[in-house]
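Enquirer: Below is the file coords_23.txt, which contains compact mmCIF, C-alpha atoms.
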# COMPACT_ATOMS: atom_id res chain seq x y z
CA MET A 6 -5.33 16.19 -29.93
CA GLU A 7 -7.35 15.39 -33.07
CA GLN A 8 -6.37 11.72 -33.21
CA PRO A 9 -5.62 9.44 -30.27
CA ASP A 10 -2.00 8.54 -29.58
CA ALA A 11 -1.82 5.21 -31.42
CA THR A 12 0.83 3.84 -29.06
CA ILE A 13 -1.27 4.34 -25.94
CA HIS A 14 -4.62 3.79 -27.62
CA GLN A 15 -4.27 -0.02 -27.67
CA PRO A 16 -6.26 -1.35 -24.65
CA LEU A 17 -3.49 -3.38 -23.01
CA ARG A 18 -0.93 -0.60 -23.44
CA LEU A 19 -3.46 1.82 -21.96
CA LYS A 20 -3.78 -0.45 -18.91
CA ILE A 21 0.00 -0.68 -18.60
CA MET A 22 0.30 3.10 -18.71
CA ALA A 23 -2.54 3.53 -16.18
CA ALA A 24 -0.88 1.07 -13.78
CA LEU A 25 2.46 2.88 -14.07
CA LYS A 26 0.94 6.35 -13.77
CA ALA A 27 -0.64 5.38 -10.43
CA LEU A 28 2.81 4.85 -8.91
CA PRO A 29 4.96 7.62 -7.42
CA ASP A 30 7.33 9.33 -9.86
CA ARG A 31 10.36 7.12 -10.74
CA GLU A 32 8.91 4.10 -8.92
CA GLN A 33 9.33 0.78 -10.72
CA ILE A 34 7.00 -2.18 -10.92
CA GLU A 35 8.02 -5.77 -11.48
CA PHE A 36 6.93 -7.56 -14.63
CA VAL A 37 5.04 -10.23 -12.69
CA ARG A 38 3.00 -7.63 -10.80
CA LEU A 39 2.22 -5.76 -13.99
CA LYS A 40 1.10 -9.05 -15.51
CA ALA A 41 -1.26 -9.63 -12.58
CA LEU A 42 -2.61 -6.07 -12.74
CA THR A 43 -3.29 -6.10 -16.46
CA GLY A 44 -4.38 -9.73 -16.76
CA ALA A 45 -2.12 -10.13 -19.79
CA THR A 46 -0.19 -13.22 -20.82
CA GLU A 47 3.57 -13.10 -20.48
CA GLY A 48 4.26 -12.98 -24.22
CA ASN A 49 1.60 -10.38 -24.90
CA LEU A 50 2.76 -8.15 -22.08
CA GLY A 51 6.38 -8.43 -23.20
CA ALA A 52 5.48 -7.43 -26.76
CA HIS A 53 3.48 -4.39 -25.66
CA LEU A 54 6.20 -3.31 -23.22
CA SER A 55 8.67 -3.37 -26.13
CA THR A 56 6.38 -1.11 -28.15
CA LEU A 57 6.08 1.36 -25.28
CA GLU A 58 9.82 1.24 -24.66
CA GLN A 59 10.58 1.93 -28.33
CA ALA A 60 8.25 4.94 -28.16
CA GLY A 61 10.26 6.22 -25.19
CA TYR A 62 7.23 6.02 -22.91
CA ILE A 63 8.68 3.56 -20.41
CA ASP A 64 12.09 2.46 -19.14
CA VAL A 65 12.67 -1.27 -18.81
CA GLU A 66 15.40 -2.54 -16.51
CA LYS A 67 16.53 -6.16 -16.50
CA ASP A 68 18.71 -7.53 -13.72
CA PHE A 69 18.96 -10.42 -11.28
CA ASP A 70 17.35 -10.71 -7.88
CA GLY A 71 19.78 -13.26 -6.46
CA LYS A 72 19.82 -15.90 -9.19
CA LYS A 73 16.37 -15.05 -10.51
CA PRO A 74 16.11 -12.82 -13.57
CA ARG A 75 13.96 -9.77 -12.91
CA THR A 76 12.36 -7.22 -15.22
CA ARG A 77 11.21 -3.90 -13.83
CA VAL A 78 9.34 -1.15 -15.61
CA ARG A 79 9.04 2.56 -14.94
CA LEU A 80 7.09 5.35 -16.59
CA ALA A 81 9.38 7.75 -18.49
CA ARG A 82 8.76 11.51 -18.55
CA ALA A 83 7.64 11.36 -22.17
CA GLY A 84 5.24 8.54 -21.24
CA ARG A 85 3.78 10.52 -18.37
CA ARG A 86 3.16 13.51 -20.64
CA ALA A 87 1.70 11.33 -23.40
CA PHE A 88 -0.59 9.53 -20.99
CA GLU A 89 -1.85 12.78 -19.45
CA ALA A 90 -2.50 14.15 -22.94
CA TYR A 91 -4.37 10.98 -23.87
CA VAL A 92 -6.57 11.17 -20.75
CA GLU A 93 -7.27 14.82 -21.54
CA TYR A 94 -8.23 13.77 -25.07
CA LEU A 95 -10.70 11.22 -23.68
CA ARG A 96 -12.18 13.78 -21.28
CA GLU A 97 -12.65 16.28 -24.10
CA ILE A 98 -14.62 13.70 -26.08
CA VAL A 99 -16.83 12.95 -23.07
CA ASP A 100 -17.27 16.65 -22.26
CA ALA A 101 -18.07 17.50 -25.88
CA SER A 102 -20.83 14.90 -25.93
CA GLY A 103 -22.39 16.56 -22.87
CA SER A 104 -22.54 13.28 -21.02
CA THR A 105 -23.02 13.63 -17.28
CA GLU A 106 -21.92 10.11 -16.41
CA LYS A 107 -18.61 10.14 -14.55
CA PRO A 108 -16.14 7.28 -14.80
CA ARG A 109 -16.14 5.35 -11.50
CA MET B 16 -10.62 7.11 -36.27
CA PRO B 17 -11.82 9.36 -33.42
CA LEU B 18 -13.44 7.65 -30.45
CA SER B 19 -17.12 7.86 -29.61
CA SER B 20 -18.18 9.27 -26.26
CA SER B 21 -19.09 5.83 -24.89
CA GLU B 22 -15.72 4.40 -25.97
CA ALA B 23 -13.94 7.32 -24.31
CA GLN B 24 -15.96 6.77 -21.12
CA ALA B 25 -15.16 3.07 -21.14
CA ALA B 26 -11.46 3.85 -21.58
CA LEU B 27 -11.56 6.34 -18.68
CA ARG B 28 -13.26 3.72 -16.51
CA ASP B 29 -10.56 1.18 -17.41
CA ILE B 30 -7.85 3.70 -16.57
CA ALA B 31 -9.44 4.51 -13.20
CA LYS B 32 -9.91 0.82 -12.35
CA THR B 33 -6.37 -0.21 -13.28
CA GLY B 34 -4.88 2.87 -11.58
CA ARG B 35 -6.76 2.10 -8.36
CA ALA B 36 -5.63 -1.53 -8.39
CA SER B 37 -2.03 -0.48 -9.04
CA ALA B 38 -2.07 2.10 -6.24
CA THR B 39 -3.62 -0.39 -3.80
CA THR B 40 -1.04 -3.07 -4.64
CA TYR B 41 1.74 -0.51 -4.25
CA GLY B 42 0.33 0.53 -0.86
CA TYR B 43 0.21 -3.11 0.26
CA ARG B 44 3.85 -3.61 -0.68
CA GLN B 45 4.84 -0.47 1.20
CA ALA B 46 2.89 -1.50 4.31
CA SER B 47 4.03 -5.13 4.30
CA PRO B 48 7.50 -4.77 5.89
CA HIS B 49 6.10 -2.41 8.56
CA LEU B 50 3.56 -5.03 9.61
CA ILE B 51 6.25 -7.70 9.77
CA VAL B 52 8.57 -5.49 11.86
CA TRP B 53 5.84 -4.58 14.32
CA GLY B 54 4.61 -8.17 14.49
CA LEU B 55 8.09 -9.23 15.61
CA ILE B 56 8.22 -6.33 18.10
CA TRP B 57 4.87 -7.39 19.54
CA ALA B 58 5.93 -11.02 19.75
CA ALA B 59 9.12 -10.03 21.61
CA GLY B 60 7.51 -7.42 23.88
CA TYR B 61 4.45 -9.39 24.90
CA GLY B 62 6.46 -12.60 25.13
CA ILE B 63 8.98 -11.04 27.53
CA CYS B 64 6.15 -9.45 29.56
CA TYR B 65 4.41 -12.83 29.90
CA PHE B 66 7.47 -14.79 31.03
CA ARG B 67 9.14 -11.91 32.92
CA PRO B 68 6.37 -9.46 33.94
CA GLN B 69 8.87 -7.31 35.87
CA TYR B 70 10.60 -6.38 32.58
CA GLY B 71 7.77 -4.23 31.20
CA VAL B 72 10.35 -1.53 30.57
CA VAL B 73 11.55 -3.65 27.64
CA TRP B 74 8.84 -1.95 25.59
CA LEU B 75 10.86 1.29 25.54
CA PRO B 76 13.83 -0.07 23.56
CA LEU B 77 11.54 -2.29 21.49
CA VAL B 78 9.34 0.63 20.43
CA ALA B 79 12.47 2.68 19.70
CA ILE B 80 13.79 -0.16 17.51
CA GLY B 81 10.43 -0.46 15.74
CA ALA B 82 10.20 3.28 15.14
CA ALA B 83 13.79 3.37 13.82
CA ALA B 84 13.11 0.40 11.53
CA SER B 85 9.89 1.94 10.22
CA THR B 86 11.63 5.27 9.59
CA TRP B 87 14.46 3.50 7.76
CA LEU B 88 11.96 1.56 5.62
CA GLY B 89 10.19 4.81 4.80
CA TRP B 90 13.44 6.52 3.76
CA GLN B 91 14.45 3.51 1.67
CA SER B 92 11.18 3.76 -0.20
CA LYS B 93 11.45 7.53 -0.66
CA SER B 94 15.01 7.29 -1.96
CA ARG B 95 13.81 5.12 -4.87
CA THR B 96 11.35 7.74 -6.00
CA ALA B 97 11.26 11.49 -6.57
CA GLN B 98 9.11 11.97 -3.48
CA THR B 99 10.24 14.30 -0.73
CA TYR B 100 9.52 13.55 2.91
CA ASP B 101 5.88 14.21 3.67
CA TRP B 102 5.81 16.12 6.96
CA ARG B 103 2.22 15.07 7.50
CA PHE B 104 3.58 11.70 8.75
CA LEU B 105 5.43 13.50 11.56
CA TYR B 106 2.43 15.70 12.36
CA THR B 107 0.20 12.63 12.44
CA ALA B 108 2.58 10.89 14.86
CA ILE B 109 2.59 13.98 17.11
CA ALA B 110 -1.22 14.19 17.01
CA VAL B 111 -1.56 10.51 17.91
CA LEU B 112 0.92 10.84 20.76
CA ALA B 113 -0.95 13.90 22.08
CA PHE B 114 -4.24 11.98 21.81
CA ILE B 115 -2.84 9.05 23.82
CA LEU B 116 -1.40 11.33 26.51
CA ALA B 117 -4.67 13.27 26.78
CA LEU B 118 -6.71 10.06 26.88
CA PHE B 119 -4.56 8.55 29.62
CA ALA B 120 -4.74 11.82 31.60
CA VAL B 121 -8.53 11.71 31.53
CA MET B 122 -8.98 7.94 31.74
CA PRO B 123 -5.79 6.40 33.16
CA PRO B 124 -5.48 2.66 32.48
CA ARG B 125 -6.08 0.69 35.67
CA THR B 126 -4.22 -2.49 34.76
CA ASP B 127 -1.34 -3.65 32.59
CA ALA B 128 -3.83 -5.70 30.59
CA GLU B 129 -5.76 -2.56 29.69
CA ILE B 130 -2.62 -0.90 28.32
CA SER B 131 -1.69 -4.13 26.54
CA ALA B 132 -5.09 -4.19 24.85
CA PHE B 133 -5.32 -0.47 24.12
CA PHE B 134 -2.37 -0.14 21.72
CA PRO B 135 -3.27 -3.10 19.50
CA ILE B 136 -6.84 -1.77 19.24
CA LEU B 137 -5.46 1.65 18.27
CA VAL B 138 -3.22 0.01 15.63
CA ALA B 139 -6.20 -2.00 14.38
CA LEU B 140 -8.18 1.24 14.00
CA PHE B 141 -5.40 2.72 11.82
CA TYR B 142 -5.25 -0.33 9.58
CA ALA B 143 -9.02 -0.28 9.21
CA LEU B 144 -9.07 3.44 8.39
CA VAL B 145 -6.26 3.08 5.86
CA GLY B 146 -8.12 0.14 4.32
CA ILE B 147 -11.36 2.11 4.08
CA TRP B 148 -9.79 5.26 2.62
CA THR B 149 -7.51 3.50 0.15
CA ARG B 150 -10.08 0.84 -0.76
CA GLY B 151 -7.55 -1.70 0.43
CA ALA B 152 -9.70 -4.63 1.49
CA ARG B 153 -6.70 -6.53 2.86
CA MET B 154 -5.69 -3.66 5.14
CA LEU B 155 -9.26 -3.41 6.40
CA PHE B 156 -9.33 -7.14 7.04
CA ALA B 157 -5.97 -6.95 8.87
CA GLY B 158 -7.41 -4.21 11.12
CA ILE B 159 -10.55 -6.19 11.89
CA ALA B 160 -8.50 -9.34 12.56
CA VAL B 161 -6.11 -7.59 14.97
CA ALA B 162 -9.02 -5.96 16.86
CA ALA B 163 -10.97 -9.22 17.05
CA LEU B 164 -7.94 -11.22 18.23
CA THR B 165 -7.07 -8.59 20.83
CA LEU B 166 -10.61 -8.39 22.22
CA SER B 167 -11.11 -12.15 22.25
CA GLY B 168 -7.82 -12.61 24.14
CA TYR B 169 -8.64 -9.80 26.57
CA PHE B 170 -12.10 -11.07 27.47
CA LEU B 171 -11.77 -14.83 27.05
CA LEU B 172 -8.16 -15.61 27.96
CA ALA B 173 -7.34 -13.02 30.61
CA PRO B 174 -4.66 -15.08 32.46
CA TYR B 175 -2.80 -15.71 29.21
CA PHE B 176 -3.55 -12.41 27.50
CA THR B 177 0.07 -11.24 27.04
CA LEU B 178 1.11 -14.67 25.76
CA TRP B 179 -1.90 -14.61 23.43
CA MET B 180 -0.84 -11.21 22.12
CA ALA B 181 2.76 -12.39 21.64
CA VAL B 182 1.82 -15.47 19.65
CA VAL B 183 -1.48 -14.61 17.99
CA GLY B 184 -1.26 -10.78 17.84
CA GLY B 185 2.38 -10.70 16.73
CA GLY B 186 1.85 -13.70 14.47
CA ALA B 187 -1.20 -12.08 12.86
CA LEU B 188 0.81 -8.97 12.01
CA VAL B 189 3.68 -10.99 10.53
CA LEU B 190 1.29 -13.15 8.50
CA GLY B 191 -0.67 -10.04 7.51
CA GLY B 192 2.55 -8.46 6.21
CA ILE B 193 3.38 -11.58 4.20
CA TRP B 194 -0.20 -11.70 2.91
CA LEU B 195 -0.06 -8.08 1.70
CA ARG B 196 3.21 -8.82 -0.11
CA SER B 197 1.66 -11.75 -1.94
CA VAL B 198 -0.70 -9.56 -3.99
If you took the structure in this file and wrote it as structure tokens, what would it be?

Expert:
Amino acid sequence: MEQPDATIHQPLRLKIMAALKALPDREQIEFVRLKALTGATEGNLGAHLSTLEQAGYIDVEKDFDGKKPRTRVRLARAGRRAFEAYVEYLREIVDASGSTEKPR
Amino acid sequence: MPLSSSEAQAALRDIAKTGRASATTYGYRQASPHLIVWGLIWAAGYGICYFRPQYGVVWLPLVAIGAAASTWLGWQSKSRTAQTYDWRFLYTAIAVLAFILALFAVMPPRTDAEISAFFPILVALFYALVGIWTRGARMLFAGIAVAALTLSGYFLLAPYFTLWMAVVGGGALVLGGIWLRSV
């Protein structure tokens, strides 16, 4: 990968993808939990989720939990592949620089 | 524009940090209903044993109900994801059972209170180990709390130990489960 994936490259979208990737395959996460994990505002998170959904990287499901509206998000296969490729891209940059510091 | 090495490192750190937090939160949510179920089982079992000591056998159906509920919760969770059943759970249960049988063969408990204290301490050890290995501070705290409550009841409130375990031990597990869910 010569250039970073512009969709994932944005810091908040990268956090969203990292949070989703840490879950078991096909597991969903609720919007409110994702908001807490990423520290994003509701509007900001919603906008970035739309971008990721349009790219086919995530699946967004809206339904009702009783009478409460609920939004749940899941990593799509294309998103998983794109995220893994992006992480590989980052590792290649670090490796190429010969840095010995490992991310904690 | 390509990233610099330090930017790439910072991004990798962010990914690792967010991924860890997400995995921990997920683990808490998975553990939460199990703690609540076993808190209720403890409350019922110890409560019955305090008020009707001759009905100690009640633990057999209660443990069977708890095990069935935990298995059902586990299958519910697995059915939502692409995960297959991890046989290491079964092997772990067998190893723990073998450990308990071997321990009791070598050092048989002398009183009902010793048995009543042993299992909560064993459970507390598991919570603490899970907390340490998954970096789940809340699980670690739940383990320490259950062990501390059990030991304080055993040594300081011996005549009321089973009642203590019903109310405080069972209550701590239920509250711990609710607390994990609140993350």

Enquirer: Around region 128-147 of chain B, fit a box with edges along x, y and z, padding it by 5 Å on each side, then list its centre and edge lengths in Å to one decimal as lines of an AutoDock Vina configuration file.

Expert:
center_x = -6.5
center_y = -1.1
center_z = 17.3
size_x = 19.7
size_y = 19.1
size_z = 36.5

Enquirer: Compile the residues of chain A that lie within 12 Å of chain B, evaluated using all atoms listed in the file, and express the compilation as a ChimeraX atom specification.

Expert: /A:6-11,13-35,37-44,79-80,88-89,91-109

Enquirer: I need the chosen residues saved as a tab-separated table (two decimals), in the coordinates of the input, with C-alpha atoms.

Expert:
chain	number	residue	atom	x	y	z
A	6	MET	CA	-5.33	16.19	-29.93
A	7	GLU	CA	-7.35	15.39	-33.07
A	8	GLN	CA	-6.37	11.72	-33.21
A	9	PRO	CA	-5.62	9.44	-30.27
A	10	ASP	CA	-2.00	8.54	-29.58
A	11	ALA	CA	-1.82	5.21	-31.42
A	13	ILE	CA	-1.27	4.34	-25.94
A	14	HIS	CA	-4.62	3.79	-27.62
A	15	GLN	CA	-4.27	-0.02	-27.67
A	16	PRO	CA	-6.26	-1.35	-24.65
A	17	LEU	CA	-3.49	-3.38	-23.01
A	18	ARG	CA	-0.93	-0.60	-23.44
A	19	LEU	CA	-3.46	1.82	-21.96
A	20	LYS	CA	-3.78	-0.45	-18.91
A	21	ILE	CA	0.00	-0.68	-18.60
A	22	MET	CA	0.30	3.10	-18.71
A	23	ALA	CA	-2.54	3.53	-16.18
A	24	ALA	CA	-0.88	1.07	-13.78
A	25	LEU	CA	2.46	2.88	-14.07
A	26	LYS	CA	0.94	6.35	-13.77
A	27	ALA	CA	-0.64	5.38	-10.43
A	28	LEU	CA	2.81	4.85	-8.91
A	29	PRO	CA	4.96	7.62	-7.42
A	30	ASP	CA	7.33	9.33	-9.86
A	31	ARG	CA	10.36	7.12	-10.74
A	32	GLU	CA	8.91	4.10	-8.92
A	33	GLN	CA	9.33	0.78	-10.72
A	34	ILE	CA	7.00	-2.18	-10.92
A	35	GLU	CA	8.02	-5.77	-11.48
A	37	VAL	CA	5.04	-10.23	-12.69
A	38	ARG	CA	3.00	-7.63	-10.80
A	39	LEU	CA	2.22	-5.76	-13.99
A	40	LYS	CA	1.10	-9.05	-15.51
A	41	ALA	CA	-1.26	-9.63	-12.58
A	42	LEU	CA	-2.61	-6.07	-12.74
A	43	THR	CA	-3.29	-6.10	-16.46
A	44	GLY	CA	-4.38	-9.73	-16.76
A	79	ARG	CA	9.04	2.56	-14.94
A	80	LEU	CA	7.09	5.35	-16.59
A	88	PHE	CA	-0.59	9.53	-20.99
A	89	GLU	CA	-1.85	12.78	-19.45
A	91	TYR	CA	-4.37	10.98	-23.87
A	92	VAL	CA	-6.57	11.17	-20.75
A	93	GLU	CA	-7.27	14.82	-21.54
A	94	TYR	CA	-8.23	13.77	-25.07
A	95	LEU	CA	-10.70	11.22	-23.68
A	96	ARG	CA	-12.18	13.78	-21.28
A	97	GLU	CA	-12.65	16.28	-24.10
A	98	ILE	CA	-14.62	13.70	-26.08
A	99	VAL	CA	-16.83	12.95	-23.07
A	100	ASP	CA	-17.27	16.65	-22.26
A	101	ALA	CA	-18.07	17.50	-25.88
A	102	SER	CA	-20.83	14.90	-25.93
A	103	GLY	CA	-22.39	16.56	-22.87
A	104	SER	CA	-22.54	13.28	-21.02
A	105	THR	CA	-23.02	13.63	-17.28
A	106	GLU	CA	-21.92	10.11	-16.41
A	107	LYS	CA	-18.61	10.14	-14.55
A	108	PRO	CA	-16.14	7.28	-14.80
A	109	ARG	CA	-16.14	5.35	-11.50

Enquirer: If I take CA of Ile63 (chain A) and CA of Arg196 (chain B), how far is one from the other in Å, to one decimal?

Expert: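 Separating CA of Ile63 (chain A) from CA of Arg196 (chain B) is a distance of 24.4 Å.
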
Enquirer: Hey, what's within 9 Å of region 71-78 of chain B if we count all atoms listed in the file and toss same-chain stuff fewer than 5 positions away? As number ranges by chain, please?

Expert: B: 53, 56-57, 59-61, 63-64, 83

Enquirer: Please compute the CA of Leu171 (chain B)-CA of Pro123 (chain B) distance, one decimal, in Å.

Expert: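 These atoms are spaced 22.9 Å apart.
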
Enquirer: My list of candidates is B:Leu55, B:Ala110, B:Leu172, B:Ala120. Which is closest to Gly192 (chain B) when distances are computed with only C-alpha atoms?

Expert: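 Ranking B:Leu55, B:Ala110, B:Leu172, B:Ala120 by distance to Gly192 (chain B), first place goes to B:Leu55.
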
Enquirer: State, in Å with one decimal place, the distance from CA of Ala132 (chain B) to CA of Leu164 (chain B).

Expert: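 Going from CA of Ala132 (chain B) over to CA of Leu164 (chain B) covers 10.1 Å.
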
Enquirer: Quick one: residues within 9 Å of Glu66 (chain A), only C-alpha atoms, excluding same-chain residues fewer than 3 positions away - as a ChimeraX atom specification?

Expert: /A:75-79

Enquirer: Check the smallest atom-to-atom distance from each of B:Trp179, B:Trp90, B:Phe119, B:Tyr65 to Ser167 (chain B) using only C-alpha atoms, then report the winner.

Expert: B:Trp179

Enquirer: May I have the residues within 8 Å of region 135-152 of chain B as a PDB file with C-alpha atoms, in the frame of the given file, using all atoms listed in the file and disregarding those fewer than 5 positions away in the same chain?

Expert:
ATOM      1  CA  THR B  39      -3.620  -0.390  -3.800  1.00  0.00           C
ATOM      2  CA  TYR B  43       0.210  -3.110   0.260  1.00  0.00           C
ATOM      3  CA  ALA B 157      -5.970  -6.950   8.870  1.00  0.00           C
ATOM      4  CA  GLY B 158      -7.410  -4.210  11.120  1.00  0.00           C
ATOM      5  CA  ILE B 159     -10.550  -6.190  11.890  1.00  0.00           C
ATOM      6  CA  ALA B 160      -8.500  -9.340  12.560  1.00  0.00           C
ATOM      7  CA  VAL B 161      -6.110  -7.590  14.970  1.00  0.00           C
ATOM      8  CA  ALA B 162      -9.020  -5.960  16.860  1.00  0.00           C
ATOM      9  CA  THR B 165      -7.070  -8.590  20.830  1.00  0.00           C
TER      10      THR B 165
END
